[in-house]
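Just upload_1.txt here, compact mmCIF, C-alpha atoms:
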# COMPACT_ATOMS: atom_id res chain seq x y z
CA MET A 1 -12.49 10.95 -7.00
CA ILE A 2 -8.86 10.39 -7.95
CA PHE A 3 -6.17 9.55 -5.39
CA SER A 4 -4.89 13.09 -4.92
CA GLU A 5 -8.43 14.40 -4.28
CA ILE A 6 -9.06 11.87 -1.51
CA LEU A 7 -5.75 12.76 0.13
CA GLU A 8 -6.83 16.40 0.11
CA ALA A 9 -10.14 15.40 1.73
CA VAL A 10 -8.45 13.81 4.76
CA ARG A 11 -6.09 16.78 5.10
CA ARG A 12 -9.10 19.14 5.23
CA ASP A 13 -11.22 17.09 7.63
CA PRO A 14 -9.89 13.78 8.97
CA ASP A 15 -13.03 13.28 11.05
CA ALA A 16 -15.40 12.76 8.13
CA VAL A 17 -13.82 11.20 5.06
CA VAL A 18 -16.06 9.45 2.54
CA ILE A 19 -14.32 6.87 0.35
CA PRO A 20 -16.22 6.51 -2.96
CA ALA A 21 -17.38 3.09 -4.15
CA ASP A 22 -14.99 3.49 -7.11
CA TRP A 23 -12.24 2.66 -4.60
CA GLY A 24 -13.94 -0.57 -3.52
CA GLN A 25 -12.42 -4.00 -3.06
CA GLY A 26 -15.29 -6.43 -2.72
CA ARG A 27 -17.50 -5.22 0.14
CA ALA A 28 -14.69 -3.08 1.58
CA SER A 29 -12.71 -0.04 0.53
CA PHE A 30 -9.19 -0.59 -0.86
CA GLY A 31 -6.87 -1.20 2.10
CA GLY A 32 -3.95 0.67 0.55
CA LEU A 33 -6.08 3.81 0.33
CA VAL A 34 -7.28 3.41 3.93
CA ALA A 35 -3.66 3.11 5.05
CA ALA A 36 -2.68 6.16 2.99
CA LEU A 37 -5.44 8.25 4.58
CA ALA A 38 -4.41 7.07 8.05
CA PHE A 39 -0.82 8.04 7.32
CA GLU A 40 -1.85 11.54 6.20
CA ALA A 41 -3.85 12.06 9.41
CA MET A 42 -0.89 10.94 11.53
CA ARG A 43 1.69 12.95 9.62
CA ALA A 44 -0.29 16.15 10.23
CA LYS A 45 0.54 15.85 13.96
CA VAL A 46 4.27 15.10 13.56
CA PRO A 47 6.94 17.85 13.61
CA GLN A 48 8.70 18.72 10.36
CA GLY A 49 11.91 16.85 9.70
CA ARG A 50 10.67 13.51 11.04
CA PRO A 51 9.79 11.30 8.08
CA VAL A 52 7.89 8.09 8.63
CA ARG A 53 10.10 5.08 9.29
CA SER A 54 7.56 2.32 9.81
CA LEU A 55 3.84 1.64 10.07
CA ALA A 56 2.08 -1.36 11.63
CA ILE A 57 -1.47 -1.70 10.31
CA THR A 58 -4.27 -4.00 11.42
CA PHE A 59 -7.43 -4.16 9.33
CA VAL A 60 -9.94 -4.81 12.13
CA GLY A 61 -12.95 -4.85 9.82
CA PRO A 62 -14.02 -3.74 6.35
CA VAL A 63 -14.21 0.01 5.72
CA ALA A 64 -17.50 0.47 3.89
CA PRO A 65 -17.49 2.81 0.89
CA ASP A 66 -19.74 5.88 0.80
CA VAL A 67 -19.94 5.98 4.63
CA PRO A 68 -17.99 8.64 6.60
CA VAL A 69 -14.82 7.45 8.35
CA SER A 70 -13.09 9.28 11.20
CA PHE A 71 -9.27 9.08 11.25
CA GLN A 72 -8.32 9.80 14.87
CA ALA A 73 -4.58 10.29 15.35
CA GLU A 74 -2.81 10.80 18.66
CA VAL A 75 0.78 11.32 19.79
CA LEU A 76 1.92 8.50 22.09
CA ARG A 77 5.37 9.95 22.73
CA GLU A 78 7.52 12.67 21.28
CA GLY A 79 11.24 12.23 21.95
CA LYS A 80 14.30 14.13 20.81
CA ALA A 81 14.33 12.44 17.41
CA VAL A 82 11.35 10.07 17.23
CA SER A 83 7.58 10.58 17.38
CA GLN A 84 5.47 7.51 18.19
CA MET A 85 1.94 7.80 16.80
CA PHE A 86 -1.29 5.85 17.04
CA LEU A 87 -4.43 6.07 14.93
CA ARG A 88 -7.92 4.62 15.01
CA ALA A 89 -10.16 4.69 11.98
CA VAL A 90 -13.76 4.64 13.20
CA GLN A 91 -16.89 4.08 11.13
CA ASP A 92 -20.44 3.91 12.53
CA GLY A 93 -18.99 3.84 16.03
CA GLN A 94 -16.80 0.80 15.32
CA VAL A 95 -13.00 0.65 15.01
CA VAL A 96 -12.21 -0.60 11.51
CA THR A 97 -8.45 0.00 11.29
CA VAL A 98 -5.66 0.69 13.77
CA VAL A 99 -2.18 1.96 12.89
CA GLN A 100 0.95 2.48 14.95
CA GLY A 101 3.60 4.64 13.33
CA SER A 102 7.18 5.66 14.06
CA PHE A 103 8.45 8.94 12.61
CA GLY A 104 12.13 9.76 13.09
CA ALA A 105 14.72 12.34 12.17
CA SER A 106 18.03 11.26 10.68
CA ARG A 107 20.89 10.65 13.13
CA PRO A 108 24.70 10.48 12.79
CA SER A 109 25.88 6.88 12.39
CA ALA A 110 29.07 5.03 11.48
CA ILE A 111 27.00 2.21 9.97
CA ALA A 112 26.15 2.31 6.28
CA VAL A 113 25.07 -0.88 4.51
CA GLU A 114 23.84 -0.82 0.93
CA ALA A 115 20.38 -2.20 0.26
CA LEU A 116 19.89 -5.46 -1.57
CA ALA A 117 19.79 -5.02 -5.33
CA ALA A 118 16.53 -4.96 -7.25
CA PRO A 119 15.58 -8.18 -9.07
CA GLN A 120 16.17 -8.60 -12.77
CA ILE A 121 12.86 -8.23 -14.57
CA THR A 122 11.41 -7.83 -18.05
CA PRO A 123 11.20 -4.15 -19.11
CA VAL A 124 7.87 -2.55 -18.29
CA GLU A 125 6.82 -2.07 -21.93
CA GLN A 126 7.08 -5.84 -22.48
CA CYS A 127 5.02 -6.87 -19.44
CA GLN A 128 1.32 -7.76 -19.47
CA GLU A 129 -0.93 -5.20 -17.77
CA LEU A 130 -3.85 -6.19 -15.60
CA PRO A 131 -6.81 -4.39 -17.22
CA TYR A 132 -9.65 -2.88 -15.24
CA VAL A 133 -12.72 -4.96 -16.04
CA ARG A 134 -15.95 -3.90 -14.36
CA ASN A 135 -17.37 -6.58 -12.04
CA VAL A 136 -14.29 -8.75 -12.62
CA THR A 137 -11.27 -6.91 -11.21
CA PRO A 138 -11.52 -4.87 -7.97
CA GLU A 139 -13.01 -1.43 -8.52
CA PHE A 140 -9.91 0.39 -7.29
CA THR A 141 -7.76 -1.07 -10.09
CA ARG A 142 -9.11 1.61 -12.43
CA PHE A 143 -6.76 3.99 -10.56
CA LEU A 144 -3.67 1.76 -10.44
CA ALA A 145 -1.80 0.17 -13.33
CA MET A 146 0.00 -3.15 -12.68
CA ARG A 147 2.14 -5.02 -15.18
CA TRP A 148 3.18 -8.58 -14.38
CA GLY A 149 6.83 -9.52 -14.78
CA ILE A 150 7.33 -12.10 -12.02
CA GLY A 151 5.15 -15.15 -11.37
CA GLY A 152 1.55 -15.55 -12.50
CA MET A 153 -1.64 -13.54 -12.29
CA PRO A 154 -4.27 -14.42 -9.67
CA PHE A 155 -6.17 -17.68 -10.21
CA SER A 156 -3.82 -18.77 -13.02
CA ASN A 157 -2.76 -22.05 -11.35
CA THR A 158 0.84 -20.83 -11.18
CA PRO A 159 2.65 -22.36 -8.17
CA SER A 160 5.38 -19.75 -7.83
CA ARG A 161 6.67 -18.40 -4.51
CA GLN A 162 7.27 -15.00 -6.13
CA MET A 163 4.97 -12.46 -7.75
CA GLY A 164 5.47 -8.93 -8.94
CA GLY A 165 6.19 -6.48 -11.67
CA TRP A 166 5.64 -2.78 -12.29
CA VAL A 167 3.04 -0.45 -10.77
CA ARG A 168 2.03 3.21 -10.94
CA LEU A 169 -0.98 5.44 -10.43
CA ARG A 170 -3.32 6.20 -13.31
CA GLY A 171 -6.13 8.67 -13.75
CA GLU A 172 -4.39 11.67 -12.18
CA ARG A 173 -5.11 14.90 -14.04
CA GLU A 174 -1.50 16.02 -13.75
CA PRO A 175 1.71 14.41 -12.46
CA GLN A 176 1.98 14.21 -8.67
CA MET A 177 5.14 14.01 -6.60
CA LEU A 178 5.06 10.65 -4.84
CA SER A 179 5.01 10.52 -1.06
CA GLU A 180 4.81 7.64 1.38
CA ALA A 181 1.02 7.85 1.08
CA HIS A 182 1.33 7.00 -2.61
CA LEU A 183 3.72 4.12 -1.85
CA LEU A 184 1.15 2.61 0.51
CA ALA A 185 -1.33 2.43 -2.36
CA LEU A 186 1.26 1.12 -4.83
CA VAL A 187 2.46 -1.67 -2.54
CA ASP A 188 -1.01 -2.80 -1.47
CA ALA A 189 -2.38 -2.65 -5.02
CA TRP A 190 -0.93 -6.12 -5.62
CA PRO A 191 -3.18 -9.06 -4.74
CA PRO A 192 -2.06 -11.60 -2.13
CA ALA A 193 0.89 -13.48 -3.63
CA VAL A 194 -0.77 -16.81 -2.85
CA LEU A 195 -3.69 -16.22 -5.26
CA PRO A 196 -1.81 -17.40 -8.40
CA TYR A 197 -1.78 -20.89 -6.84
CA LEU A 198 -5.57 -21.12 -7.29
CA LYS A 199 -7.42 -22.27 -10.40
CA SER A 200 -10.59 -20.21 -9.80
CA PRO A 201 -11.52 -16.95 -8.03
CA ALA A 202 -11.60 -16.91 -4.24
CA PRO A 203 -11.65 -14.01 -1.76
CA GLY A 204 -8.40 -12.93 -0.14
CA SER A 205 -7.44 -9.93 1.98
CA SER A 206 -4.77 -8.48 4.26
CA LEU A 207 -5.12 -9.10 7.99
CA THR A 208 -2.02 -7.32 9.26
CA TRP A 209 0.59 -5.27 7.45
CA THR A 210 3.90 -3.74 8.46
CA ILE A 211 5.82 -1.50 6.10
CA GLU A 212 9.17 0.26 6.47
CA PHE A 213 10.27 3.19 4.34
CA VAL A 214 13.84 3.74 3.20
CA GLN A 215 14.76 7.39 3.60
CA PRO A 216 15.19 9.76 1.99
CA LEU A 217 12.39 9.15 -0.45
CA HIS A 218 13.77 9.85 -3.90
CA THR A 219 12.00 12.29 -6.19
CA LEU A 220 9.42 10.31 -8.09
CA SER A 221 6.37 11.25 -10.10
CA SER A 222 3.01 9.52 -10.35
CA GLU A 223 3.97 8.79 -13.96
CA ASP A 224 6.98 6.68 -12.88
CA TRP A 225 6.73 2.88 -12.78
CA CYS A 226 7.92 1.34 -9.51
CA LEU A 227 9.15 -2.24 -9.25
CA TYR A 228 7.49 -4.63 -6.78
CA ARG A 229 8.31 -8.20 -5.77
CA ALA A 230 6.60 -10.40 -3.18
CA ASP A 231 7.94 -13.67 -1.73
CA ILE A 232 5.68 -16.22 -0.04
CA GLU A 233 7.42 -17.37 3.14
CA HIS A 234 4.71 -19.73 4.38
CA ALA A 235 1.05 -20.50 3.69
CA ARG A 236 -1.31 -22.94 5.41
CA ASP A 237 -4.71 -23.14 7.15
CA GLY A 238 -6.09 -20.20 5.18
CA TYR A 239 -3.28 -17.77 6.10
CA GLY A 240 -0.28 -16.70 4.07
CA HIS A 241 2.86 -14.83 5.18
CA VAL A 242 4.38 -12.65 2.50
CA ALA A 243 7.47 -10.42 2.44
CA ALA A 244 7.77 -7.81 -0.30
CA ALA A 245 9.84 -4.86 -1.42
CA MET A 246 9.56 -1.90 -3.79
CA TRP A 247 12.24 -0.16 -5.82
CA THR A 248 12.45 2.95 -7.96
CA PRO A 249 12.77 2.54 -11.76
CA ALA A 250 16.52 2.97 -11.25
CA GLY A 251 16.62 0.03 -8.82
CA GLU A 252 16.88 1.96 -5.53
CA LEU A 253 15.06 0.37 -2.59
CA ILE A 254 12.24 2.54 -1.20
CA ALA A 255 10.02 0.25 0.91
CA LEU A 256 10.00 -3.11 2.71
CA SER A 257 6.67 -4.79 3.41
CA ARG A 258 5.35 -7.81 5.30
CA GLN A 259 1.73 -8.98 5.33
CA THR A 260 -0.36 -11.74 6.85
CA VAL A 261 -3.12 -12.47 4.36
CA THR A 262 -6.26 -14.59 4.53
CA VAL A 263 -7.52 -16.69 1.66
CA PHE A 264 -10.86 -18.51 1.63
CA ALA A 265 -10.38 -21.33 -0.88

Written as structure tokens, how would this file's structure read?
Amino acid sequence: MIFSEILEAVRRDPDAVVIPADWGQGRASFGGLVAALAFEAMRAKVPQGRPVRSLAITFVGPVAPDVPVSFQAEVLREGKAVSQMFLRAVQDGQVVTVVQGSFGASRPSAIAVEALAAPQITPVEQCQELPYVRNVTPEFTRFLAMRWGIGGMPFSNTPSRQMGGWVRLRGEREPQMLSEAHLLALVDAWPPAVLPYLKSPAPGSSLTWTIEFVQPLHTLSSEDWCLYRADIEHARDGYGHVAAAMWTPAGELIALSRQTVTVFA
């Protein structure tokens, strides 16, 4: 199943979504897809005109592929402009992911500060793409194209505090208009930014993740390359703290991300 088909599945029935093994990441399903499905289930209960502003995601345990998952969204509070949402993803009777989301309408404000500029980077056509290699790269990478332009690839013994490049969906049968659900997959497609420090493969995963969306979301297609950059702020004792951002091809900021990652090496 391609990305758009799985999004349609959670819209039809959020209580029984099966994530195919093609979207695997080791023994778990791809976290960016799990977050995207959670977002879709939450958004369905939010009034029109209240786009998502931020999500706080905790990956409690691995979401097994090919096993039904229930995405249970509830409204915590609905104010004049902001809806506070909560979601549990439950599999085999166990909570595997929890998400708290804030959805808010635009408000009048005298404050307007331009976003930080996008980093200078090698053009996408000159960057090296991470190929999908069965039993080598995570299964989900067949659906996401990443081209390195900042820092090194995982396990390349590259001690750089920054990592990033260009990313977009692949495998869609026709162009899709990008939503915040797509951005969740694009941001989380990148491996933990600490992995290039290593000389040989080692498991790493996200423990917690917060992401903020810059509104309004500009009109983008699944065929557009988005720019991503991650900065390691601190890493020790098997945990890394990484701040990241994503921009449109034109250099407009669209998302701010922060993750606590675990690395067993």

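Atom pair atom CA of Thr141 of chain A / atom CA of Ala44 of chain A: separated by 27.7 Å.
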
Q: Can you work out which one of A:Gly101, A:Pro159, A:Pro14, A:Pro65 has the shortest atom-to-atom distance to Ile211 of chain A, counting only C-alpha atoms?
A: A:Gly101

Q. Using only C-alpha atoms, which residues sit within 12 Å of Ala35 of chain A once same-chain residues fewer than 3 positions away are excluded, as JSON, numbers by chain?
A. {"A": [7, 10, 29, 30, 31, 32, 38, 39, 40, 41, 42, 55, 56, 57, 58, 59, 63, 71, 87, 88, 89, 96, 97, 98, 99, 100, 101, 180, 181, 182, 183, 184, 185, 186, 187, 188, 189, 206, 208, 209, 210, 211]}

Contacts of Pro51 of chain A at 9 Å or less, counting only C-alpha atoms, minus same-chain residues fewer than 4 places along, as a short mmCIF file (atom, residue, chain, number, x, y, z; two decimals) with C-alpha atoms, in the coordinates of the input?
data_model
loop_
_atom_site.label_atom_id
_atom_site.label_comp_id
_atom_site.auth_asym_id
_atom_site.auth_seq_id
_atom_site.Cartn_x
_atom_site.Cartn_y
_atom_site.Cartn_z
CA ARG A 43 1.69 12.95 9.62
CA VAL A 46 4.27 15.10 13.56
CA SER A 102 7.18 5.66 14.06
CA PHE A 103 8.45 8.94 12.61
CA GLY A 104 12.13 9.76 13.09
CA ALA A 105 14.72 12.34 12.17
CA SER A 106 18.03 11.26 10.68
CA PHE A 213 10.27 3.19 4.34
CA GLN A 215 14.76 7.39 3.60
CA PRO A 216 15.19 9.76 1.99
#

Q: Find the residues near Thr260 of chain A: any atom within 9 Å, counting all atoms listed in the file, skip ones fewer than 2 places away on the same chain, and give them as a PyMOL selection string.
A: chain A and resi 205-209+239-242+258+262

So that all listed atoms of segment 174-189 of chain A fit with 4 Å spare on each side, what axis-aligned box centre and edge lengths in Å, to one decimal, would you give as JSON?
{"center_x": 1.4, "center_y": 6.6, "center_z": -6.2, "size_x": 15.5, "size_y": 26.8, "size_z": 23.1}

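Residue nearest Gln25 of chain A, chosen from A:Arg142, A:Arg229, A:Arg168, A:Arg147 and counting only C-alpha atoms: A:Arg142.
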
Q: Measuring atom to atom with all atoms listed in the file, identify which of A:Trp148, A:Phe3, A:Trp190, A:Phe140 is nearest to Ala244 of chain A.
A: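 Of all the options, A:Trp190 lies closest to Ala244 of chain A.
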
Q.
Please compute the atom CA of Arg27 of chain A-atom CA of Pro62 of chain A distance, one decimal, in Å.
A.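 The value is 7.3 Å.
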
Q | For Ile150 of chain A, the nearest of the candidates A:Pro175, A:Pro119, A:Pro131, A:Pro138, counting only C-alpha atoms | A |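 Of A:Pro175, A:Pro119, A:Pro131, A:Pro138, the one nearest Ile150 of chain A is A:Pro119, counting only C-alpha atoms.
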
Q.
Under the rule that all atoms listed in the file are counted, which of A:Leu130, A:Gln120, A:Ala265, A:Phe143 is the nearest residue to Tyr228 of chain A?
A.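 Looking only at the distances to Tyr228 of chain A, the closest residue turns out to be A:Gln120.
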
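One finds atom CA of Val82 of chain A at 15.6 Å from atom CA of Val214 of chain A.
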
Q) So which one's closest to Val194 of chain A, A:Arg134, A:Leu253, A:Phe264, A:Cys226? Using all atoms listed in the file, please. A)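 Closest residue, counting all atoms listed in the file: A:Phe264.
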
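If you count only C-alpha atoms and ignore residues fewer than 3 places along the chain from segment 116-118 of chain A, what sits within 9 Å of it is Ile121, Leu227, Arg229, Ala245, Met246, Trp247, Thr248, Ala250, Gly251, Glu252 and Leu253 of chain A.
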
Selected residues, C-alpha atoms, written as a PDB file, in the frame of the given file, please.
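Here's the written file out-v4.pdb:
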ATOM      1  CA  ILE A 121      12.860  -8.230 -14.570  1.00  0.00           C
ATOM      2  CA  LEU A 227       9.150  -2.240  -9.250  1.00  0.00           C
ATOM      3  CA  ARG A 229       8.310  -8.200  -5.770  1.00  0.00           C
ATOM      4  CA  ALA A 245       9.840  -4.860  -1.420  1.00  0.00           C
ATOM      5  CA  MET A 246       9.560  -1.900  -3.790  1.00  0.00           C
ATOM      6  CA  TRP A 247      12.240  -0.160  -5.820  1.00  0.00           C
ATOM      7  CA  THR A 248      12.450   2.950  -7.960  1.00  0.00           C
ATOM      8  CA  ALA A 250      16.520   2.970 -11.250  1.00  0.00           C
ATOM      9  CA  GLY A 251      16.620   0.030  -8.820  1.00  0.00           C
ATOM     10  CA  GLU A 252      16.880   1.960  -5.530  1.00  0.00           C
ATOM     11  CA  LEU A 253      15.060   0.370  -2.590  1.00  0.00           C
TER      12      LEU A 253
END

Q.
as a PyMOL selection string, please: the residues near Ser4 of chain A (cut-off 10 Å, only C-alpha atoms, same-chain neighbours under 3 positions excluded).
A. chain A and resi 1+7-9+171-174+176+181-182

Would you mind exporting the chosen residues as a JSON list (two decimals), in the frame of the given file, restricted to C-alpha atoms?
[["chain", "number", "residue", "atom", "x", "y", "z"],
["A", 1, "MET", "CA", -12.49, 10.95, -7.00],
["A", 7, "LEU", "CA", -5.75, 12.76, 0.13],
["A", 8, "GLU", "CA", -6.83, 16.40, 0.11],
["A", 9, "ALA", "CA", -10.14, 15.40, 1.73],
["A", 171, "GLY", "CA", -6.13, 8.67, -13.75],
["A", 172, "GLU", "CA", -4.39, 11.67, -12.18],
["A", 173, "ARG", "CA", -5.11, 14.90, -14.04],
["A", 174, "GLU", "CA", -1.50, 16.02, -13.75],
["A", 176, "GLN", "CA", 1.98, 14.21, -8.67],
["A", 181, "ALA", "CA", 1.02, 7.85, 1.08],
["A", 182, "HIS", "CA", 1.33, 7.00, -2.61]]

Can you save segment 215-241 of chain A of the given block to a file, including N, CA and C atoms and formatted as a PDB file, in the first residue's frame?
ATOM      1  N   GLN A 215       1.910  27.901   9.717  1.00  0.00           N
ATOM      2  CA  GLN A 215       0.709  28.061   8.910  1.00  0.00           C
ATOM      3  C   GLN A 215       0.741  29.391   8.157  1.00  0.00           C
ATOM      4  N   PRO A 216       0.055  29.527   7.019  1.00  0.00           N
ATOM      5  CA  PRO A 216      -0.626  28.419   6.363  1.00  0.00           C
ATOM      6  C   PRO A 216       0.344  27.509   5.610  1.00  0.00           C
ATOM      7  N   LEU A 217      -0.044  26.284   5.452  1.00  0.00           N
ATOM      8  CA  LEU A 217       0.783  25.346   4.701  1.00  0.00           C
ATOM      9  C   LEU A 217       0.692  25.713   3.222  1.00  0.00           C
ATOM     10  N   HIS A 218       1.836  25.962   2.623  1.00  0.00           N
ATOM     11  CA  HIS A 218       1.853  26.369   1.220  1.00  0.00           C
ATOM     12  C   HIS A 218       1.487  25.192   0.324  1.00  0.00           C
ATOM     13  N   THR A 219       0.993  25.501  -0.846  1.00  0.00           N
ATOM     14  CA  THR A 219       0.580  24.469  -1.795  1.00  0.00           C
ATOM     15  C   THR A 219       1.794  23.726  -2.313  1.00  0.00           C
ATOM     16  N   LEU A 220       1.875  22.466  -1.928  1.00  0.00           N
ATOM     17  CA  LEU A 220       2.980  21.618  -2.353  1.00  0.00           C
ATOM     18  C   LEU A 220       2.424  20.306  -2.875  1.00  0.00           C
ATOM     19  N   SER A 221       3.176  19.693  -3.760  1.00  0.00           N
ATOM     20  CA  SER A 221       2.797  18.406  -4.337  1.00  0.00           C
ATOM     21  C   SER A 221       3.744  17.334  -3.826  1.00  0.00           C
ATOM     22  N   SER A 222       3.298  16.095  -3.892  1.00  0.00           N
ATOM     23  CA  SER A 222       4.144  14.967  -3.501  1.00  0.00           C
ATOM     24  C   SER A 222       5.365  14.850  -4.405  1.00  0.00           C
ATOM     25  N   GLU A 223       5.373  15.539  -5.528  1.00  0.00           N
ATOM     26  CA  GLU A 223       6.523  15.507  -6.423  1.00  0.00           C
ATOM     27  C   GLU A 223       7.556  16.575  -6.074  1.00  0.00           C
ATOM     28  N   ASP A 224       7.236  17.462  -5.123  1.00  0.00           N
ATOM     29  CA  ASP A 224       8.164  18.521  -4.729  1.00  0.00           C
ATOM     30  C   ASP A 224       9.179  17.995  -3.711  1.00  0.00           C
ATOM     31  N   TRP A 225      10.422  18.442  -3.847  1.00  0.00           N
ATOM     32  CA  TRP A 225      11.461  18.126  -2.868  1.00  0.00           C
ATOM     33  C   TRP A 225      11.408  19.162  -1.757  1.00  0.00           C
ATOM     34  N   CYS A 226      11.365  18.702  -0.500  1.00  0.00           N
ATOM     35  CA  CYS A 226      11.434  19.594   0.649  1.00  0.00           C
ATOM     36  C   CYS A 226      12.833  19.514   1.262  1.00  0.00           C
ATOM     37  N   LEU A 227      13.267  20.614   1.854  1.00  0.00           N
ATOM     38  CA  LEU A 227      14.598  20.697   2.438  1.00  0.00           C
ATOM     39  C   LEU A 227      14.524  20.452   3.939  1.00  0.00           C
ATOM     40  N   TYR A 228      15.418  19.587   4.434  1.00  0.00           N
ATOM     41  CA  TYR A 228      15.448  19.206   5.851  1.00  0.00           C
ATOM     42  C   TYR A 228      16.844  19.390   6.411  1.00  0.00           C
ATOM     43  N   ARG A 229      16.931  19.919   7.640  1.00  0.00           N
ATOM     44  CA  ARG A 229      18.219  19.989   8.325  1.00  0.00           C
ATOM     45  C   ARG A 229      18.018  19.697   9.804  1.00  0.00           C
ATOM     46  N   ALA A 230      18.862  18.812  10.347  1.00  0.00           N
ATOM     47  CA  ALA A 230      18.835  18.477  11.766  1.00  0.00           C
ATOM     48  C   ALA A 230      20.134  18.920  12.417  1.00  0.00           C
ATOM     49  N   ASP A 231      20.041  19.382  13.674  1.00  0.00           N
ATOM     50  CA  ASP A 231      21.196  19.820  14.456  1.00  0.00           C
ATOM     51  C   ASP A 231      21.225  19.043  15.764  1.00  0.00           C
ATOM     52  N   ILE A 232      22.329  18.353  16.030  1.00  0.00           N
ATOM     53  CA  ILE A 232      22.485  17.655  17.300  1.00  0.00           C
ATOM     54  C   ILE A 232      22.797  18.686  18.384  1.00  0.00           C
ATOM     55  N   GLU A 233      21.966  18.744  19.415  1.00  0.00           N
ATOM     56  CA  GLU A 233      22.203  19.680  20.509  1.00  0.00           C
ATOM     57  C   GLU A 233      22.989  19.034  21.649  1.00  0.00           C
ATOM     58  N   HIS A 234      22.795  17.731  21.832  1.00  0.00           N
ATOM     59  CA  HIS A 234      23.501  17.022  22.899  1.00  0.00           C
ATOM     60  C   HIS A 234      23.297  15.531  22.689  1.00  0.00           C
ATOM     61  N   ALA A 235      24.300  14.743  23.017  1.00  0.00           N
ATOM     62  CA  ALA A 235      24.175  13.279  22.927  1.00  0.00           C
ATOM     63  C   ALA A 235      25.115  12.642  23.945  1.00  0.00           C
ATOM     64  N   ARG A 236      24.551  11.732  24.764  1.00  0.00           N
ATOM     65  CA  ARG A 236      25.339  11.020  25.756  1.00  0.00           C
ATOM     66  C   ARG A 236      24.467   9.945  26.394  1.00  0.00           C
ATOM     67  N   ASP A 237      25.106   8.880  26.902  1.00  0.00           N
ATOM     68  CA  ASP A 237      24.429   7.825  27.650  1.00  0.00           C
ATOM     69  C   ASP A 237      23.359   7.108  26.821  1.00  0.00           C
ATOM     70  N   GLY A 238      23.551   7.076  25.503  1.00  0.00           N
ATOM     71  CA  GLY A 238      22.605   6.367  24.656  1.00  0.00           C
ATOM     72  C   GLY A 238      21.409   7.186  24.203  1.00  0.00           C
ATOM     73  N   TYR A 239      21.392   8.491  24.532  1.00  0.00           N
ATOM     74  CA  TYR A 239      20.282   9.357  24.130  1.00  0.00           C
ATOM     75  C   TYR A 239      20.841  10.583  23.402  1.00  0.00           C
ATOM     76  N   GLY A 240      20.139  10.980  22.350  1.00  0.00           N
ATOM     77  CA  GLY A 240      20.518  12.166  21.613  1.00  0.00           C
ATOM     78  C   GLY A 240      19.354  13.140  21.547  1.00  0.00           C
ATOM     79  N   HIS A 241      19.651  14.424  21.541  1.00  0.00           N
ATOM     80  CA  HIS A 241      18.625  15.475  21.485  1.00  0.00           C
ATOM     81  C   HIS A 241      18.862  16.285  20.224  1.00  0.00           C
TER      82      HIS A 241
END
